[in-house]
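Below is start.cif, holding mmCIF, C-alpha atoms.
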```
data_coords
loop_
_atom_site.label_atom_id
_atom_site.label_comp_id
_atom_site.auth_asym_id
_atom_site.auth_seq_id
_atom_site.Cartn_x
_atom_site.Cartn_y
_atom_site.Cartn_z
CA MET A 467 31.91 -21.81 5.83
CA ASP A 468 33.48 -25.19 6.68
CA THR A 469 31.26 -26.39 9.54
CA LYS A 470 33.35 -29.53 9.95
CA ASN A 471 36.44 -27.54 10.97
CA LEU A 472 35.12 -24.83 13.29
CA LYS A 473 37.81 -22.70 14.95
CA HIS A 474 35.80 -20.81 17.56
CA ILE A 475 32.76 -22.92 18.40
CA VAL A 476 33.77 -25.55 20.98
CA GLY A 477 32.03 -28.57 22.42
CA SER A 478 28.64 -29.80 21.37
CA TYR A 479 25.88 -27.57 20.05
CA GLU A 480 22.27 -28.13 19.13
CA GLN A 481 19.02 -26.25 18.84
CA GLY A 482 17.42 -25.23 22.10
CA LYS A 483 20.52 -25.86 24.24
CA PRO A 484 23.39 -23.52 25.31
CA ALA A 485 26.40 -23.26 22.97
CA VAL A 486 29.92 -22.00 23.70
CA ILE A 487 32.03 -19.97 21.28
CA ARG A 488 35.49 -18.59 22.05
CA PHE A 489 37.11 -15.33 21.06
CA PHE A 490 40.75 -16.10 21.80
CA GLY A 491 43.69 -14.15 20.40
CA PRO A 492 44.22 -10.70 18.85
CA VAL A 493 41.42 -8.48 17.60
CA ASP A 494 42.43 -8.41 13.94
CA TYR A 495 40.72 -8.87 10.58
CA TRP A 496 41.20 -12.64 10.31
CA ASN A 497 40.20 -13.53 13.87
CA CYS A 498 37.16 -11.23 13.86
CA ASP A 499 36.00 -12.31 10.40
CA GLU A 500 36.15 -16.02 11.28
CA PHE A 501 34.49 -15.45 14.69
CA ASN A 502 31.66 -13.39 13.17
CA ASP A 503 30.95 -16.07 10.54
CA GLU A 504 30.75 -18.84 13.15
CA PHE A 505 28.71 -16.73 15.60
CA LEU A 506 26.12 -15.87 12.92
CA TRP A 507 26.01 -19.53 11.85
CA LEU A 508 25.19 -20.47 15.46
CA GLN A 509 22.58 -17.73 15.66
CA GLU A 510 20.84 -18.34 12.31
CA TYR A 511 21.16 -22.10 11.76
CA VAL A 512 21.78 -23.87 15.06
CA LYS A 513 19.53 -21.56 17.11
CA PRO A 514 20.77 -22.53 20.62
CA SER A 515 18.91 -21.42 23.75
CA LYS A 516 21.76 -19.02 24.50
CA ILE A 517 25.29 -18.28 23.29
CA ILE A 518 28.14 -18.13 25.80
CA VAL A 519 31.16 -16.16 24.54
CA ALA A 520 34.43 -17.01 26.29
CA VAL A 521 36.95 -14.17 25.85
CA ASN A 522 40.73 -14.36 26.17
CA SER A 523 42.23 -11.52 24.17
CA GLU A 524 44.92 -8.87 24.46
CA GLY A 525 42.97 -6.52 22.15
CA GLY A 526 43.76 -4.96 18.81
CA SER A 527 41.83 -3.07 16.13
CA VAL A 528 38.99 -0.77 17.18
CA ILE A 529 37.21 -1.15 13.83
CA TYR A 530 37.27 -4.95 13.72
CA GLY A 531 36.54 -5.21 17.44
CA MET A 532 33.42 -3.05 17.06
CA SER A 533 32.15 -5.40 14.34
CA VAL A 534 32.30 -8.29 16.84
CA PHE A 535 30.71 -6.16 19.59
CA SER A 536 27.85 -5.21 17.25
CA ILE A 537 27.09 -8.80 16.25
CA ILE A 538 27.05 -10.09 19.84
CA ASN A 539 25.15 -7.08 21.20
CA SER A 540 22.42 -7.25 18.52
CA CYS A 541 21.96 -11.02 18.74
CA PRO A 542 18.27 -11.92 19.26
CA ILE A 543 19.38 -14.97 21.26
CA GLU A 544 20.43 -14.48 24.88
CA THR A 545 24.20 -13.93 25.21
CA GLU A 546 26.60 -14.25 28.15
CA CYS A 547 30.28 -13.25 28.02
CA VAL A 548 32.93 -14.73 30.30
CA ILE A 549 36.56 -13.67 30.68
CA GLU A 550 38.51 -16.92 30.49
CA GLY A 551 41.89 -15.31 31.06
CA ILE A 552 42.31 -11.67 30.07
CA ALA A 553 40.10 -9.20 28.29
CA ALA A 554 42.30 -6.21 27.52
CA SER A 555 41.74 -3.13 25.36
CA MET A 556 39.32 -4.10 22.52
CA GLY A 557 39.07 -7.54 24.13
CA SER A 558 37.21 -5.82 26.97
CA ILE A 559 34.84 -4.19 24.48
CA ILE A 560 34.00 -7.59 22.96
CA TRP A 561 33.45 -8.99 26.47
CA SER A 562 31.12 -6.10 27.37
CA ALA A 563 28.75 -6.97 24.47
CA GLY A 564 26.99 -9.78 26.34
CA LYS A 565 23.62 -9.39 28.04
CA ARG A 566 25.28 -10.73 31.20
CA LEU A 567 28.99 -10.47 32.01
CA TYR A 568 31.08 -12.86 34.10
CA MET A 569 34.69 -13.20 35.25
CA HIS A 570 36.50 -16.18 36.74
CA ASP A 571 38.06 -15.25 40.06
CA TYR A 572 41.47 -15.42 38.36
CA SER A 573 40.46 -13.32 35.30
CA LEU A 574 41.94 -9.94 34.39
CA LEU A 575 40.13 -6.99 32.81
CA MET A 576 42.09 -4.09 31.29
CA ILE A 577 40.56 -0.84 30.05
CA HIS A 578 42.44 2.07 28.47
CA ASN A 579 42.26 4.83 25.85
CA PRO A 580 42.68 3.90 22.17
CA PHE A 581 45.84 4.83 20.29
CA ILE A 582 47.30 4.55 16.79
CA GLU A 583 50.70 2.91 16.84
CA ASP A 584 53.55 4.73 15.06
CA ALA A 585 51.14 7.42 13.82
CA ASP A 586 52.05 11.06 13.11
CA ASP A 587 51.05 13.48 15.85
CA ASP A 588 48.93 15.62 13.51
CA GLU A 589 45.40 17.00 13.84
CA ASP A 590 43.80 14.28 11.68
CA THR A 591 45.31 11.53 13.83
CA LYS A 592 44.28 13.27 17.05
CA ARG A 593 40.74 13.71 15.73
CA THR A 594 40.52 10.02 14.74
CA ILE A 595 41.74 8.88 18.16
CA GLU A 596 39.25 11.17 19.90
CA VAL A 597 36.36 9.75 17.85
CA PHE A 598 37.40 6.20 18.79
CA ARG A 599 37.83 7.22 22.45
CA LYS A 600 34.33 8.70 22.61
CA GLN A 601 32.86 5.59 20.97
CA ILE A 602 34.56 3.25 23.45
CA GLU A 603 33.65 5.50 26.41
CA THR A 604 29.99 5.30 25.35
CA VAL A 605 30.12 1.49 25.23
CA TYR A 606 31.60 1.21 28.74
CA THR A 607 29.15 3.78 30.13
CA LYS A 608 26.10 2.01 28.71
CA ARG A 609 27.21 -1.57 29.38
CA PHE A 610 28.62 -1.09 32.90
CA GLY A 611 26.06 1.45 34.11
CA LEU A 612 28.82 3.82 35.25
CA SER A 613 29.03 7.59 34.91
CA GLU A 614 30.97 9.12 32.04
CA GLU A 615 33.36 10.72 34.52
CA LYS A 616 34.13 7.40 36.22
CA VAL A 617 34.62 5.62 32.89
CA ARG A 618 36.92 8.41 31.73
CA ASP A 619 39.03 8.07 34.88
CA ILE A 620 39.29 4.30 34.34
CA MET A 621 40.34 4.75 30.71
CA GLU A 622 42.90 7.40 31.63
CA GLY A 623 44.40 5.32 34.48
CA LYS A 624 46.57 6.59 37.25
CA GLU A 625 49.58 8.77 36.55
CA ASN A 626 52.24 7.08 34.37
CA LEU A 627 49.97 4.06 33.80
CA ASP A 628 48.23 2.93 30.62
CA GLY A 629 44.59 2.61 31.66
CA THR A 630 43.41 0.41 34.52
CA TYR A 631 43.69 -3.32 35.30
CA PHE A 632 41.00 -5.10 37.32
CA THR A 633 40.95 -8.44 39.04
CA ALA A 634 37.50 -9.98 39.35
CA GLN A 635 37.06 -8.59 42.85
CA GLU A 636 38.28 -5.14 41.79
CA ALA A 637 35.75 -5.19 38.93
CA VAL A 638 33.04 -5.89 41.50
CA ASP A 639 34.28 -3.07 43.76
CA ALA A 640 34.27 -0.67 40.76
CA GLY A 641 30.65 -1.56 39.98
CA ILE A 642 31.46 -3.23 36.64
CA ILE A 643 29.94 -6.59 37.56
CA PRO A 644 27.96 -7.82 40.58
CA GLN A 645 29.61 -10.11 43.13
CA SER A 646 27.40 -13.00 42.03
CA HIS A 647 28.94 -12.87 38.54
CA VAL A 648 32.37 -13.97 39.76
CA ILE A 649 32.86 -17.67 38.97
CA ASP A 650 34.73 -19.60 41.65
CA THR A 651 37.70 -21.53 40.33
CA GLU A 652 38.03 -25.23 40.86
CA LYS A 653 41.13 -26.29 42.80
CA ALA A 654 42.47 -28.20 39.76
CA VAL A 655 42.49 -25.00 37.71
CA THR A 656 44.03 -22.98 40.54
CA ASP A 657 46.81 -25.57 40.89
CA LYS A 658 47.39 -25.50 37.12
CA ILE A 659 47.83 -21.72 37.11
CA ALA A 660 50.17 -21.92 40.13
CA ASP A 661 52.28 -24.61 38.41
CA VAL A 662 52.62 -22.56 35.21
CA LEU A 663 53.65 -19.44 37.15
CA ALA A 664 56.12 -21.35 39.30
CA GLU A 665 57.71 -23.01 36.27
CA ALA A 666 58.04 -19.70 34.47
CA LYS A 667 59.59 -18.04 37.50
CA GLN A 668 62.05 -20.88 37.99
CA GLU A 669 63.18 -20.79 34.35
CA GLY A 670 63.18 -16.99 34.16
CA LYS A 671 60.54 -16.94 31.44
CA LYS A 672 58.32 -14.00 30.66
CA ILE A 673 54.67 -14.97 31.12
CA GLN A 674 52.35 -14.38 28.16
CA VAL A 675 49.04 -14.12 30.01
CA ARG A 676 46.77 -14.85 27.08
CA GLU A 677 48.77 -17.92 25.96
CA MET A 678 48.85 -19.27 29.51
CA PHE A 679 45.09 -19.03 29.94
CA THR A 680 44.49 -20.46 26.48
CA SER A 681 46.29 -23.64 27.49
CA ILE A 682 44.38 -23.76 30.77
CA ALA A 683 41.03 -23.13 29.08
CA ALA A 684 41.61 -26.14 26.84
CA GLU A 685 41.41 -28.34 29.94
CA ILE A 686 38.22 -26.75 31.30
CA SER A 687 34.96 -28.51 30.49
CA ASN A 688 32.42 -26.42 28.61
CA ASP A 689 29.64 -28.40 30.27
CA LYS A 690 30.94 -27.36 33.69
CA LEU A 691 31.09 -23.72 32.63
CA ILE A 692 27.51 -23.86 31.34
CA ALA A 693 26.37 -25.58 34.55
CA LYS A 694 28.03 -22.91 36.73
CA LEU A 695 26.38 -20.08 34.81
CA GLU A 696 23.01 -21.77 35.04
CA THR A 697 23.48 -22.24 38.78
CA ILE A 698 24.24 -18.52 39.17
CA GLN A 699 21.11 -17.61 37.20
CA GLU A 700 18.90 -20.00 39.11
CA SER A 701 20.05 -18.59 42.45
CA LYS A 702 18.79 -15.06 41.68
CA PRO A 703 16.32 -13.23 39.42
CA GLN A 704 17.28 -12.92 35.74
CA GLN A 705 19.03 -9.63 35.05
CA ASP A 706 21.23 -8.24 32.35
CA ASN A 707 24.55 -6.60 33.04
CA THR A 708 23.36 -3.04 32.53
CA LYS A 709 21.10 -3.37 35.59
CA HIS A 710 23.55 -4.73 38.15
CA ILE A 711 24.49 -1.19 39.18
CA ASN A 712 21.21 -1.09 41.11
CA GLN A 713 22.73 -3.61 43.53
CA GLN A 714 25.30 -1.07 44.67
CA PRO A 715 24.47 1.02 47.77
CA GLN A 716 22.55 4.05 46.56
CA THR A 717 19.43 6.07 47.21
CA GLN A 718 16.44 4.23 45.76
CA GLN A 719 14.05 6.38 43.76
CA VAL A 720 10.39 5.48 43.58
CA MET A 721 8.64 6.27 40.30
CA ASN A 722 6.07 9.02 40.81
CA GLU A 723 2.85 9.44 38.84
CA LYS A 724 4.34 12.08 36.55
CA ASP A 725 7.24 9.81 35.57
CA PHE A 726 4.78 6.96 35.01
CA GLN A 727 2.70 9.13 32.69
CA LYS A 728 5.79 10.07 30.69
CA ILE A 729 6.78 6.43 30.24
CA MET A 730 3.26 5.45 29.21
CA ALA A 731 3.18 8.35 26.74
CA LYS A 732 6.46 7.18 25.19
CA LEU A 733 4.92 3.74 24.79
CA GLY A 734 1.89 5.30 23.12
CA LEU A 735 -0.39 4.22 25.96
CA THR A 736 -2.64 5.99 28.43
CA ILE A 737 -2.48 5.62 32.21
CA GLU A 738 -5.64 3.50 32.02
CA ALA A 739 -3.73 0.82 30.06
CA THR A 740 -3.67 -2.65 31.57
CA THR A 741 -0.64 -4.87 32.11
CA VAL A 742 -1.78 -6.83 29.07
CA ASP A 743 -1.61 -3.63 27.00
CA VAL A 744 1.89 -2.84 28.30
CA SER A 745 3.07 -6.40 27.69
CA ALA A 746 1.69 -6.31 24.13
CA LYS A 747 3.44 -3.00 23.46
CA VAL A 748 6.75 -4.34 24.79
CA ASP A 749 6.40 -7.45 22.60
CA GLU A 750 5.69 -5.17 19.65
CA LEU A 751 8.82 -3.11 20.33
CA LEU A 752 10.96 -6.23 20.73
CA SER A 753 9.58 -7.61 17.46
CA ALA A 754 10.37 -4.30 15.74
CA LYS A 755 13.91 -4.43 17.15
CA ASN A 756 14.42 -7.96 15.79
CA GLU A 757 13.06 -6.91 12.41
CA LEU A 758 15.42 -3.93 12.40
CA THR A 759 18.36 -6.22 13.19
CA ALA A 760 17.35 -8.52 10.32
CA LEU A 761 17.00 -5.55 7.97
CA GLN A 762 20.41 -4.24 9.01
CA SER A 763 21.91 -7.65 8.24
CA LYS A 764 20.20 -7.72 4.83
CA TYR A 765 21.39 -4.17 4.18
CA SER A 766 24.97 -5.20 4.96
CA ASP A 767 24.66 -8.16 2.58
CA LEU A 768 23.23 -5.92 -0.16
CA GLU A 769 25.98 -3.38 0.44
CA ILE A 770 28.62 -6.10 0.01
CA LYS A 771 26.90 -7.38 -3.15
CA PHE A 772 26.62 -3.83 -4.52
CA THR A 773 30.32 -3.26 -3.93
CA GLY A 774 31.06 -6.48 -5.83
CA LYS A 775 28.81 -5.47 -8.74
CA GLU A 776 30.32 -2.00 -8.78
CA THR A 777 33.75 -3.60 -9.13
CA GLU A 778 32.47 -5.77 -12.00
CA VAL A 779 31.04 -2.70 -13.76
CA ASN A 780 34.33 -0.82 -13.38
CA ASN A 781 36.19 -3.83 -14.80
CA LEU A 782 33.80 -3.98 -17.77
CA LYS A 783 34.23 -0.25 -18.35
CA GLY A 784 37.98 -0.77 -18.45
CA GLU A 785 37.64 -3.64 -20.90
CA LEU A 786 35.27 -1.57 -23.08
CA ALA A 787 37.71 1.34 -23.17
CA THR A 788 40.50 -1.04 -24.22
CA ALA A 789 38.29 -2.56 -26.93
CA LYS A 790 37.36 0.90 -28.22
CA ALA A 791 41.02 1.89 -28.39
CA GLU A 792 41.88 -1.29 -30.31
CA LEU A 793 38.92 -0.75 -32.67
CA LYS A 794 39.99 2.83 -33.37
CA LYS A 795 43.50 1.68 -34.11
CA TYR A 796 42.14 -0.92 -36.54
CA LYS A 797 39.79 1.59 -38.23
CA ASP A 798 42.58 4.15 -38.56
CA ALA A 799 44.81 1.55 -40.20
CA GLU A 800 41.96 0.45 -42.48
CA ALA A 801 41.26 4.08 -43.51
CA ALA A 802 44.94 4.70 -44.20
CA ALA A 803 45.14 1.57 -46.35
CA LEU A 804 42.01 2.58 -48.33
CA LYS A 805 43.36 6.08 -48.88
CA ALA A 806 46.63 4.66 -50.17
CA GLU A 807 44.78 2.28 -52.52
CA ILE A 808 42.58 5.12 -53.87
CA GLU A 809 45.68 7.23 -54.50
CA ALA A 810 47.33 4.33 -56.29
CA VAL A 811 44.28 3.64 -58.52
CA VAL A 812 43.79 7.31 -59.44
CA ASP A 813 47.53 7.82 -60.06
CA ALA A 814 47.55 4.74 -62.31
CA ALA A 815 44.60 6.13 -64.30
CA ILE A 816 46.47 9.42 -64.75
CA ALA A 817 49.63 7.57 -65.83
CA ASP A 818 47.58 5.60 -68.40
CA LYS A 819 46.16 8.87 -69.72
CA LYS A 820 42.63 7.79 -68.75
CA ILE A 821 42.00 10.96 -66.76
CA SER A 822 43.81 14.27 -66.41
CA ALA A 823 46.04 15.15 -63.50
CA GLU A 824 43.81 18.20 -62.84
CA SER A 825 40.82 15.97 -62.11
CA LYS A 826 42.69 13.87 -59.54
CA GLU A 827 41.05 15.41 -56.43
CA THR A 828 37.59 15.02 -57.98
CA TRP A 829 38.16 11.34 -58.65
CA ILE A 830 39.61 10.82 -55.15
CA LYS A 831 36.52 12.38 -53.52
CA MET A 832 34.26 10.17 -55.62
CA ALA A 833 36.32 7.12 -54.68
CA GLU A 834 36.06 7.97 -50.97
CA THR A 835 32.27 7.82 -51.38
CA ASN A 836 32.12 4.66 -53.51
CA PHE A 837 35.52 3.21 -54.25
CA ASP A 838 34.33 0.01 -55.98
CA THR A 839 32.27 1.97 -58.55
CA VAL A 840 35.05 4.47 -59.28
CA LYS A 841 37.59 1.68 -59.56
CA ALA A 842 35.36 -0.21 -62.01
CA THR A 843 34.77 2.97 -64.02
CA LEU A 844 38.46 3.79 -64.35
CA ASN A 845 39.23 0.22 -65.37
CA SER A 846 36.64 0.43 -68.16
CA ILE A 847 38.13 3.60 -69.69
CA GLU A 848 40.60 3.05 -72.51
CA GLY A 849 43.85 4.90 -72.25
CA ARG A 850 44.66 7.64 -74.81
CA LYS A 851 46.87 6.50 -77.73
CA VAL A 852 50.04 8.58 -78.20
CA ILE A 853 50.40 10.15 -81.65
CA SER A 854 53.97 10.52 -82.91
CA GLU A 855 55.31 13.88 -84.00
CA GLU A 856 55.48 12.95 -87.67
CA ILE A 857 51.85 11.93 -87.80
CA ALA A 858 50.91 14.90 -85.68
CA LYS A 859 52.43 17.31 -88.22
CA ASP A 860 50.05 16.10 -90.94
CA PRO A 861 46.95 18.37 -90.84
CA LYS A 862 44.71 15.51 -91.90
CA ASN A 863 46.10 13.29 -89.25
CA ILE A 864 45.66 16.04 -86.73
CA GLU A 865 42.04 16.39 -87.75
CA HIS A 866 41.54 12.64 -87.61
CA ALA A 867 43.29 12.50 -84.29
CA ASN A 868 41.12 15.24 -82.85
CA ASP A 869 38.07 13.40 -84.06
CA ALA A 870 39.37 10.27 -82.42
CA ILE A 871 40.01 12.15 -79.17
CA THR A 872 36.57 13.60 -79.33
CA GLU A 873 35.07 10.14 -79.71
CA ALA A 874 37.18 8.81 -76.80
CA GLU A 875 36.14 11.71 -74.62
CA LYS A 876 32.53 11.10 -75.47
CA LYS A 877 32.86 7.49 -74.38
CA VAL A 878 34.52 8.53 -71.14
CA GLN A 879 31.87 11.18 -70.55
CA ALA A 880 29.15 8.61 -71.08
CA GLU A 881 30.72 6.14 -68.63
CA VAL A 882 31.20 8.82 -65.99
CA THR A 883 27.65 10.10 -66.42
CA LYS A 884 26.36 6.63 -65.61
CA VAL A 885 28.15 6.82 -62.28
CA VAL A 886 27.95 10.44 -61.16
CA GLY A 887 25.10 11.96 -63.17
CA GLU A 888 24.62 14.66 -65.76
CA ASN A 889 26.25 17.56 -63.88
CA PHE A 890 29.78 16.14 -63.99
CA GLU A 891 32.01 17.73 -66.66
CA LEU A 892 35.10 15.94 -67.88
CA LYS A 893 37.99 18.35 -68.35
CA LYS A 894 39.85 18.21 -71.60
CA PHE A 895 43.53 17.50 -71.90
#
```

Can the structure in the file be given as structure tokens, please?
Amino acid sequence: MDTKNLKHIVGSYEQGKPAVIRFFGPVDYWNCDEFNDEFLWLQEYVKPSKIIVAVNSEGGSVIYGMSVFSIINSCPIETECVIEGIAASMGSIIWSAGKRLYMHDYSLLMIHNPFIEDADDDEDTKRTIEVFRKQIETVYTKRFGLSEEKVRDIMEGKENLDGTYFTAQEAVDAGIIPQSHVIDTEKAVTDKIADVLAEAKQEGKKIQVREMFTSIAAEISNDKLIAKLETIQESKPQQDNTKHINQQPQTQQVMNEKDFQKIMAKLGLTIEATTVDVSAKVDELLSAKNELTALQSKYSDLEIKFTGKETEVNNLKGELATAKAELKKYKDAEAAALKAEIEAVVDAAIADKKISAESKETWIKMAETNFDTVKATLNSIEGRKVISEEIAKDPKNIEHANDAITEAEKKVQAEVTKVVGENFELKKF
């Protein structure tokens, strides 16, 4: 990662001090991948006291958005998420990942059901959308502390509307954030927003909410944002966002002895345990959670590396198959050439009257076993001399000729015996 050209981390950052990182723009592969890299770099190498995530997004992919949610939500460092302009659709999921959630008084929050654009209306698509809807509903329920029924109503929206939009005050009224988590806007920022809206109205332009707030956010000091959040935290007890629901008017329930015993049993403690014992057990559980997060990260890295190695192996298998095919082609050509040469040598020996045509197959089989020896043997055999008819008619010449043939055959037989052994019989012409 190029740490000299960071796209999401803004302002100064150093160990032990708050750092600000922005998720601005669509929830797509490129934006999420770059954000995740920079967030993890902050977490693992810079190690700030807390990470403030400023969100200004119109939403996008459920899959990529959940990867960002997971990284923020599992961060061992304290996290706070602030809506800088708009957090719509999967942008609202990313925003909800923080331990504490904030909105500027001009911010917008939009929550709705997931959908697959231009998809076929078949059972597989419906099933996929329902799985995503249930996943997102679970996130909102857990992070906002609302009932499943209320979250479902918010996601559905009123009739003929796509989900539900919330201003900061409406989010407070719905129980999504406490009143104290609304950040008051400075007059300079309010004037800037009013000027942009007035200019757009005068020129008949269509306002792109996310782009407008991106330009405004560029003029807002990160130091001031950090200071405001710290002021809010100093003015009340520390609490994460999942607990703010207890601030809403409701019947308070006091833990009875039976409930206390159940909780202690889940912690593996008895009712006689001291606060030191409970504190030690909580520290142990938190340590185990951090170790699990680290193991999950290592597992993801190993999974990526395994996928890469698997690809390498498949590539090598392909190259090996190609090499085998080329080798077979070469061996087939080599075998064909040897067969042709054997045929030529044996045919030449037959033509020179060194061996009979009837013994051709025998000589070929021997040559296939040891061609060099057979070739040398055939070359050493003298060809039969042709006797003319006139000489052949003379009985004495015939007798002499037969004797000569016999001697020649004996020589041939002796040469062959050296090569193939005693059991080979040379056929007579």

Quick one: pull the distance between CA of Ala739 in chain A and CA of Leu752 in chain A, Å, one decimal. 18.8 Å

In Å, rounded to a single decimal, give me how far CA of Ile560 in chain A is from CA of Gln509 in chain A. 16.9 Å

Using only C-alpha atoms, determine which residues lie at most 9 Å from range 568-576 of chain A, disregarding the query and same-chain residues fewer than 2 positions distant; provide the list as a CSV table (one decimal) with C-alpha atoms, in the frame of the given file.
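Just written: around.csv:
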```
chain,number,residue,atom,x,y,z
A,524,GLU,CA,44.9,-8.9,24.5
A,546,GLU,CA,26.6,-14.2,28.2
A,547,CYS,CA,30.3,-13.2,28.0
A,548,VAL,CA,32.9,-14.7,30.3
A,549,ILE,CA,36.6,-13.7,30.7
A,550,GLU,CA,38.5,-16.9,30.5
A,551,GLY,CA,41.9,-15.3,31.1
A,552,ILE,CA,42.3,-11.7,30.1
A,553,ALA,CA,40.1,-9.2,28.3
A,554,ALA,CA,42.3,-6.2,27.5
A,555,SER,CA,41.7,-3.1,25.4
A,557,GLY,CA,39.1,-7.5,24.1
A,558,SER,CA,37.2,-5.8,27.0
A,561,TRP,CA,33.4,-9.0,26.5
A,566,ARG,CA,25.3,-10.7,31.2
A,578,HIS,CA,42.4,2.1,28.5
A,629,GLY,CA,44.6,2.6,31.7
A,630,THR,CA,43.4,0.4,34.5
A,631,TYR,CA,43.7,-3.3,35.3
A,632,PHE,CA,41.0,-5.1,37.3
A,633,THR,CA,41.0,-8.4,39.0
A,634,ALA,CA,37.5,-10.0,39.4
A,635,GLN,CA,37.1,-8.6,42.8
A,637,ALA,CA,35.8,-5.2,38.9
A,643,ILE,CA,29.9,-6.6,37.6
A,644,PRO,CA,28.0,-7.8,40.6
A,646,SER,CA,27.4,-13.0,42.0
A,647,HIS,CA,28.9,-12.9,38.5
A,648,VAL,CA,32.4,-14.0,39.8
A,649,ILE,CA,32.9,-17.7,39.0
A,650,ASP,CA,34.7,-19.6,41.6
A,651,THR,CA,37.7,-21.5,40.3
A,656,THR,CA,44.0,-23.0,40.5
A,695,LEU,CA,26.4,-20.1,34.8
```

Edge lengths and centre in Å, axis-aligned, range 588-599 of chain A plus 8 Å each side, as JSON:
```
{"center_x": 42.6, "center_y": 11.6, "center_z": 17.1, "size_x": 28.6, "size_y": 26.8, "size_z": 26.8}
```

Point-to-point distance from CA of Glu800 in chain A to CA of Thr828 in chain A, Å rounded to tenths: 21.7 Å

Near-Asp813 in chain A list (9 Å; only C-alpha atoms; drop same-chain fewer than 5 positions) as a PDB file with C-alpha atoms, keeping the file's coordinate frame:
```
ATOM      1  CA  ILE A 808      42.580   5.120 -53.870  1.00  0.00           C
ATOM      2  CA  ASP A 818      47.580   5.600 -68.400  1.00  0.00           C
ATOM      3  CA  ALA A 823      46.040  15.150 -63.500  1.00  0.00           C
ATOM      4  CA  LYS A 826      42.690  13.870 -59.540  1.00  0.00           C
TER       5      LYS A 826
END
```
